[in-house]
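Novice: Following this line is run-v4.txt, made up of compact mmCIF, C-alpha atoms:
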# COMPACT_ATOMS: atom_id res chain seq x y z
CA MET A 164 11.54 34.32 -9.43
CA LYS A 165 8.66 36.22 -7.82
CA PHE A 166 6.75 33.00 -7.46
CA ILE A 167 9.60 31.40 -5.55
CA GLY A 168 7.50 31.43 -2.39
CA THR A 169 4.89 29.31 -4.11
CA THR A 170 7.44 27.03 -5.64
CA LEU A 171 9.13 26.62 -2.27
CA LEU A 172 5.82 25.48 -0.80
CA CYS A 173 5.53 22.98 -3.60
CA SER A 174 9.04 21.72 -2.93
CA ILE A 175 8.20 21.22 0.73
CA LEU A 176 5.15 19.19 -0.30
CA PRO A 177 6.32 17.35 -3.44
CA ALA A 178 3.97 15.61 -5.84
CA ALA A 179 4.23 12.07 -4.54
CA ALA A 180 0.99 11.41 -6.38
CA PHE A 181 3.26 10.67 -9.31
CA GLN A 182 5.16 8.00 -7.42
CA PRO A 183 4.31 4.48 -6.33
CA ALA A 184 2.84 3.84 -2.94
CA SER A 185 5.01 2.71 -0.09
CA THR A 186 3.80 0.17 2.39
CA ASN A 187 3.83 2.74 5.20
CA SER A 188 1.62 5.36 3.58
CA GLY A 189 -2.11 5.47 2.99
CA TRP A 190 -3.82 4.89 -0.34
CA THR A 191 -6.42 6.96 -2.10
CA LEU A 192 -8.90 6.71 -4.94
CA GLY A 193 -10.76 3.95 -3.15
CA ALA A 194 -8.07 1.31 -3.50
CA SER A 195 -8.31 -1.51 -1.03
CA ARG A 196 -5.42 -2.39 1.25
CA THR A 197 -4.96 -5.56 -0.78
CA ASP A 198 -4.54 -3.53 -3.98
CA ALA A 199 -2.08 -1.18 -2.28
CA GLU A 200 0.03 -4.00 -0.89
CA GLU A 201 0.05 -5.82 -4.23
CA ILE A 202 1.24 -2.78 -6.20
CA ALA A 203 3.74 -1.72 -3.53
CA GLY A 204 5.14 -5.24 -3.49
CA VAL A 205 5.58 -5.16 -7.25
CA GLU A 206 7.31 -1.79 -7.02
CA LEU A 207 9.72 -2.95 -4.34
CA ALA A 208 10.71 -5.92 -6.45
CA ARG A 209 10.95 -3.98 -9.69
CA PHE A 210 14.17 -2.05 -9.21
CA ARG A 211 15.92 -3.75 -12.04
CA ALA A 212 17.18 -1.38 -14.72
CA GLU A 213 15.14 -2.86 -17.53
CA ASP A 214 11.90 -2.73 -15.51
CA LEU A 215 12.06 0.85 -14.25
CA ALA A 216 9.51 3.50 -15.14
CA GLY A 217 10.86 6.05 -17.60
CA VAL A 218 12.25 3.50 -20.04
CA VAL A 219 10.72 4.67 -23.31
CA ALA A 220 11.34 4.44 -27.04
CA PRO A 221 13.40 5.18 -29.03
CA LEU A 222 16.31 5.12 -26.54
CA GLY A 223 14.96 2.47 -24.19
CA PHE A 224 17.03 2.26 -21.00
CA PHE A 225 19.52 5.08 -21.61
CA ASP A 226 22.70 4.54 -19.61
CA PRO A 227 25.69 5.28 -21.87
CA ALA A 228 28.06 5.56 -18.90
CA GLY A 229 27.05 2.14 -17.60
CA PHE A 230 26.18 3.26 -14.05
CA SER A 231 23.50 0.58 -13.70
CA GLU A 232 25.93 -2.20 -14.57
CA LYS A 233 27.86 -1.56 -11.37
CA ALA A 234 24.83 -0.79 -9.18
CA ASP A 235 22.94 -3.06 -6.83
CA GLU A 236 19.25 -2.55 -6.00
CA ALA A 237 19.97 -0.11 -3.16
CA THR A 238 22.16 2.00 -5.41
CA MET A 239 19.56 2.00 -8.19
CA LYS A 240 16.98 3.25 -5.72
CA ARG A 241 19.30 6.09 -4.69
CA TYR A 242 19.82 6.97 -8.35
CA ARG A 243 16.06 7.11 -8.88
CA GLU A 244 15.54 9.18 -5.72
CA ALA A 245 18.14 11.66 -6.97
CA GLU A 246 16.65 11.82 -10.46
CA LEU A 247 13.15 12.44 -9.14
CA THR A 248 14.29 15.11 -6.69
CA HIS A 249 16.32 16.98 -9.30
CA GLY A 250 13.51 16.65 -11.84
CA ARG A 251 10.95 18.12 -9.45
CA VAL A 252 13.21 21.02 -8.53
CA ALA A 253 13.90 21.65 -12.22
CA MET A 254 10.18 21.72 -13.05
CA LEU A 255 9.62 24.30 -10.31
CA ALA A 256 12.65 26.28 -11.48
CA THR A 257 11.44 26.34 -15.08
CA VAL A 258 8.05 27.67 -14.02
CA GLY A 259 9.81 30.15 -11.73
CA PHE A 260 11.93 31.51 -14.58
CA LEU A 261 8.93 32.18 -16.80
CA ALA A 262 6.51 33.34 -14.11
CA GLY A 263 9.07 35.59 -12.42
CA GLU A 264 9.97 37.38 -15.62
CA ALA A 265 6.31 37.68 -16.64
CA VAL A 266 5.21 39.49 -13.46
CA GLU A 267 8.40 41.29 -12.41
CA SER A 268 6.81 44.76 -12.52
CA LYS A 269 3.25 43.72 -11.74
CA THR A 270 3.51 42.06 -8.33
CA PHE A 271 3.19 43.53 -4.87
CA ILE A 272 5.63 41.03 -3.32
CA PHE A 273 8.73 43.08 -4.06
CA ASN A 274 7.01 46.34 -5.08
CA GLY A 275 8.37 46.09 -8.60
CA GLU A 276 11.93 46.42 -7.34
CA VAL A 277 13.14 43.11 -8.79
CA VAL A 278 13.63 43.33 -12.53
CA GLY A 279 15.68 41.83 -15.34
CA PRO A 280 16.58 38.23 -16.24
CA ALA A 281 15.43 35.61 -13.75
CA ILE A 282 18.98 34.60 -12.85
CA THR A 283 19.48 38.07 -11.30
CA HIS A 284 16.30 38.11 -9.20
CA LEU A 285 17.56 36.41 -6.06
CA ALA A 286 20.48 38.82 -5.81
CA GLN A 287 18.03 41.72 -5.71
CA VAL A 288 15.73 40.57 -2.92
CA ASN A 289 15.91 41.56 0.75
CA PRO A 290 18.37 39.43 2.81
CA VAL A 291 15.47 38.39 5.04
CA PHE A 292 14.08 36.49 2.09
CA TRP A 293 17.29 34.43 1.97
CA VAL A 294 16.79 33.43 5.60
CA LEU A 295 13.22 32.32 4.89
CA LEU A 296 14.29 30.52 1.72
CA THR A 297 17.10 28.66 3.47
CA ALA A 298 14.83 27.69 6.36
CA GLY A 299 12.14 26.43 4.00
CA ILE A 300 14.52 24.35 1.91
CA GLY A 301 16.17 22.97 5.04
CA ALA A 302 12.82 21.96 6.54
CA SER A 303 11.73 20.21 3.36
CA GLU A 304 15.00 18.29 3.07
CA ILE A 305 14.90 17.24 6.73
CA GLN A 306 11.37 15.93 6.25
CA ARG A 307 12.40 14.01 3.12
CA ALA A 308 15.34 12.52 4.98
CA LYS A 309 13.14 11.40 7.86
CA ILE A 310 10.71 9.68 5.51
CA GLY A 311 13.11 8.03 3.10
CA PHE A 312 16.50 7.57 4.73
CA VAL A 313 17.78 5.39 7.54
CA GLU A 314 19.02 7.33 10.57
CA PRO A 315 22.79 7.98 10.33
CA GLU A 316 23.50 6.16 13.60
CA ASN A 317 21.94 3.00 12.13
CA VAL A 318 23.91 3.05 8.88
CA PRO A 319 27.30 1.38 8.36
CA TYR A 320 30.04 3.96 7.85
CA ASP A 321 30.75 2.63 4.36
CA GLN A 322 27.09 2.85 3.23
CA PRO A 323 26.09 6.51 3.58
CA GLY A 324 22.73 7.69 2.30
CA GLN A 325 21.00 4.36 2.84
CA LEU A 326 17.28 4.38 1.99
CA ARG A 327 14.71 2.61 4.14
CA GLU A 328 14.01 -0.92 2.98
CA LYS A 329 10.33 -0.34 2.22
CA TYR A 330 10.67 3.23 0.99
CA ILE A 331 9.79 3.81 -2.65
CA PRO A 332 11.87 6.64 -4.16
CA GLY A 333 9.80 9.79 -4.47
CA ASP A 334 6.87 8.60 -2.36
CA LEU A 335 6.63 11.19 0.42
CA GLY A 336 2.96 10.54 1.12
CA PHE A 337 1.72 13.76 -0.48
CA ASP A 338 -1.35 13.30 -2.67
CA PRO A 339 -3.86 16.11 -1.88
CA LEU A 340 -5.76 15.63 -5.16
CA SER A 341 -5.91 11.83 -4.88
CA LEU A 342 -4.24 11.34 -8.25
CA LYS A 343 -2.40 8.14 -7.40
CA PRO A 344 -3.66 5.35 -9.70
CA THR A 345 -4.96 2.09 -8.37
CA THR A 346 -3.52 -0.22 -11.03
CA GLU A 347 0.11 -1.01 -11.78
CA LYS A 348 -0.21 -0.10 -15.47
CA GLU A 349 -1.64 3.35 -14.77
CA LEU A 350 0.89 3.93 -12.01
CA MET A 351 3.75 3.06 -14.36
CA GLU A 352 2.41 5.48 -16.97
CA MET A 353 2.11 8.31 -14.46
CA GLN A 354 5.61 7.66 -13.13
CA THR A 355 7.00 7.79 -16.65
CA LYS A 356 5.22 11.07 -17.34
CA GLU A 357 6.73 12.67 -14.26
CA LEU A 358 10.20 11.37 -15.07
CA GLN A 359 10.02 12.54 -18.68
CA ASN A 360 8.79 16.00 -17.68
CA GLY A 361 11.48 16.21 -15.01
CA ARG A 362 14.21 15.25 -17.47
CA LEU A 363 13.01 17.85 -19.97
CA ALA A 364 12.84 20.45 -17.20
CA MET A 365 16.44 19.75 -16.13
CA ILE A 366 17.60 20.39 -19.68
CA ALA A 367 15.36 23.46 -19.99
CA ALA A 368 16.51 25.00 -16.69
CA ALA A 369 20.15 24.52 -17.65
CA GLY A 370 19.43 26.07 -21.05
CA PHE A 371 17.64 29.03 -19.46
CA MET A 372 20.58 29.77 -17.19
CA ALA A 373 23.16 29.38 -19.94
CA GLN A 374 21.23 31.65 -22.32
CA GLU A 375 20.69 34.39 -19.76
CA LEU A 376 24.34 34.25 -18.69
CA ALA A 377 25.43 34.46 -22.32
CA ASP A 378 23.62 37.66 -23.31
CA GLY A 379 21.98 39.08 -20.17
CA LYS A 380 18.47 38.90 -21.63
CA GLY A 381 15.47 37.18 -20.06
CA ILE A 382 13.90 34.07 -21.60
CA LEU A 383 10.61 35.83 -22.31
CA GLU A 384 12.53 38.63 -23.98
CA HIS A 385 14.03 36.04 -26.30
CA ILE A 386 10.64 34.46 -27.00
CA PHE A 387 8.65 37.63 -27.58
CA GLY A 388 11.44 39.88 -28.78
Please go through the file and, once you have read it, give me the structure as structure tokens.

Specialist:
Amino acid sequence: MKFIGTTLLCSILPAAAFQPASTNSGWTLGASRTDAEEIAGVELARFRAEDLAGVVAPLGFFDPAGFSEKADEATMKRYREAELTHGRVAMLATVGFLAGEAVESKTFIFNGEVVGPAITHLAQVNPVFWVLLTAGIGASEIQRAKIGFVEPENVPYDQPGQLREKYIPGDLGFDPLSLKPTTEKELMEMQTKELQNGRLAMIAAAGFMAQELADGKGILEHIFG
């Protein structure tokens, strides 16, 4: 968890390069405004279960509990926003587990005072770090809410968590490396890659925590003996 400062920065500035463009954010990679509007329009109209990115063989659209059957477009967009957010956090957490355990006695950040399995690291740090961590997470979530969600005073009481009409889930306008594709096919492929990696990371992070709780040993200790 020694790299949690870096991962926090990444969580504040998420990789929206892996998400479709919204109509209120700029485009990169030399795409014309016409191209951007065309792809964004397709994305806004594509929130049907069978057309979503992340639908891959052999399972296809995997929804054994039937959540999509009872969901309208707005609800499907909230589901996708939640999946992307959790997937991104899980990817950062997985890296944090491995990196934190790898450098626990070799970093100047905590003077080698934080040791052991990654799940015990946060309990060992100075309380000031918790204040900074909480402030950073809060700031990132407030910014995400401002970009993607309708202001609470403008939302009906029975429709909490309403996304903006033209907001594309996951598109927070952050693309420092200009990775966002300019064609719908390439964009779909990149979206699917992020979703698949995020899904794997959610399973991996849960497995890491369960394993370390079970025997008190770090993940790297299990891998390298």

Novice: Please provide as a PyMOL selection string all residues within 12 Å of Thr238 of chain A, with the sequence filter that same-chain residues fewer than 6 positions apart are discarded (counting only C-alpha atoms).

Specialist: chain A and resi 210-212+230-232+244-245+322-326+332

Novice: Restricting it to C-alpha atoms, dump the selection as a PDB file, in the frame of the given file.

Specialist:
ATOM      1  CA  PHE A 210      14.170  -2.050  -9.210  1.00  0.00           C
ATOM      2  CA  ARG A 211      15.920  -3.750 -12.040  1.00  0.00           C
ATOM      3  CA  ALA A 212      17.180  -1.380 -14.720  1.00  0.00           C
ATOM      4  CA  PHE A 230      26.180   3.260 -14.050  1.00  0.00           C
ATOM      5  CA  SER A 231      23.500   0.580 -13.700  1.00  0.00           C
ATOM      6  CA  GLU A 232      25.930  -2.200 -14.570  1.00  0.00           C
ATOM      7  CA  GLU A 244      15.540   9.180  -5.720  1.00  0.00           C
ATOM      8  CA  ALA A 245      18.140  11.660  -6.970  1.00  0.00           C
ATOM      9  CA  GLN A 322      27.090   2.850   3.230  1.00  0.00           C
ATOM     10  CA  PRO A 323      26.090   6.510   3.580  1.00  0.00           C
ATOM     11  CA  GLY A 324      22.730   7.690   2.300  1.00  0.00           C
ATOM     12  CA  GLN A 325      21.000   4.360   2.840  1.00  0.00           C
ATOM     13  CA  LEU A 326      17.280   4.380   1.990  1.00  0.00           C
ATOM     14  CA  PRO A 332      11.870   6.640  -4.160  1.00  0.00           C
TER      15      PRO A 332
END

Novice: Can you pull out every residue within 10 Å of segment 282-285 of chain A, counting all atoms listed in the file, but drop anything in the same chain fewer than 6 positions away, and send it as a short mmCIF file (atom, residue, chain, number, x, y, z; two decimals) with C-alpha atoms, in the coordinates of the input?

Specialist:
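And here is the file that came out, around.cif:
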data_model
loop_
_atom_site.label_atom_id
_atom_site.label_comp_id
_atom_site.auth_asym_id
_atom_site.auth_seq_id
_atom_site.Cartn_x
_atom_site.Cartn_y
_atom_site.Cartn_z
CA MET A 164 11.54 34.32 -9.43
CA LYS A 165 8.66 36.22 -7.82
CA ILE A 167 9.60 31.40 -5.55
CA PHE A 260 11.93 31.51 -14.58
CA GLY A 263 9.07 35.59 -12.42
CA GLU A 264 9.97 37.38 -15.62
CA GLU A 267 8.40 41.29 -12.41
CA GLU A 276 11.93 46.42 -7.34
CA PHE A 292 14.08 36.49 2.09
CA TRP A 293 17.29 34.43 1.97
CA PHE A 371 17.64 29.03 -19.46
CA MET A 372 20.58 29.77 -17.19
CA ALA A 373 23.16 29.38 -19.94
CA GLU A 375 20.69 34.39 -19.76
CA LEU A 376 24.34 34.25 -18.69
CA GLY A 379 21.98 39.08 -20.17
CA LYS A 380 18.47 38.90 -21.63
CA GLY A 381 15.47 37.18 -20.06
#

Novice: Could you state the separation of atom CA of Val318 of chain A and atom CA of Ala237 of chain A in Å, given to one decimal place?

Specialist: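 Pair atom CA of Val318 of chain A / atom CA of Ala237 of chain A returns 13.1 Å.
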
Novice: Measuring atom to atom with only C-alpha atoms, identify which of A:Leu296, A:Ala262, A:Leu342, A:Leu255 is nearest to Ile382 of chain A.

Specialist: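 Closest candidate: A:Ala262.
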
Novice: Enter the distance from atom CA of Lys233 of chain A to atom CA of Glu213 of chain A, in Å, rounded to one decimal.

Specialist: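 About the pair atom CA of Lys233 of chain A and atom CA of Glu213 of chain A: they are 14.2 Å apart.
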
Novice: Find the distance between atom CA of Phe225 of chain A and atom CA of Glu352 of chain A and write it in Å to one decimal.

Specialist: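 Pair atom CA of Phe225 of chain A / atom CA of Glu352 of chain A returns 17.7 Å.
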
Novice: Near segment 358-365 of chain A, within 6 Å and counting all atoms listed in the file, which residues show up once chain neighbours fewer than 5 positions away are dropped, as a list in words?

Specialist: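 Final neighbour list, sorted by chain and number: Gly217, Gly250, Arg251, Ala253 and Met254 of chain A.
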
Novice: For Ile386 of chain A, which residue among A:Val252, A:Ala265, A:Leu247, A:Ala228 is the nearest when counting only C-alpha atoms?

Specialist: A:Ala265

Novice: With distances taken over all atoms listed in the file, which of A:Met239, A:Ala298, A:Ala256, A:Ala220 is nearest to Ile366 of chain A?

Specialist: A:Ala256
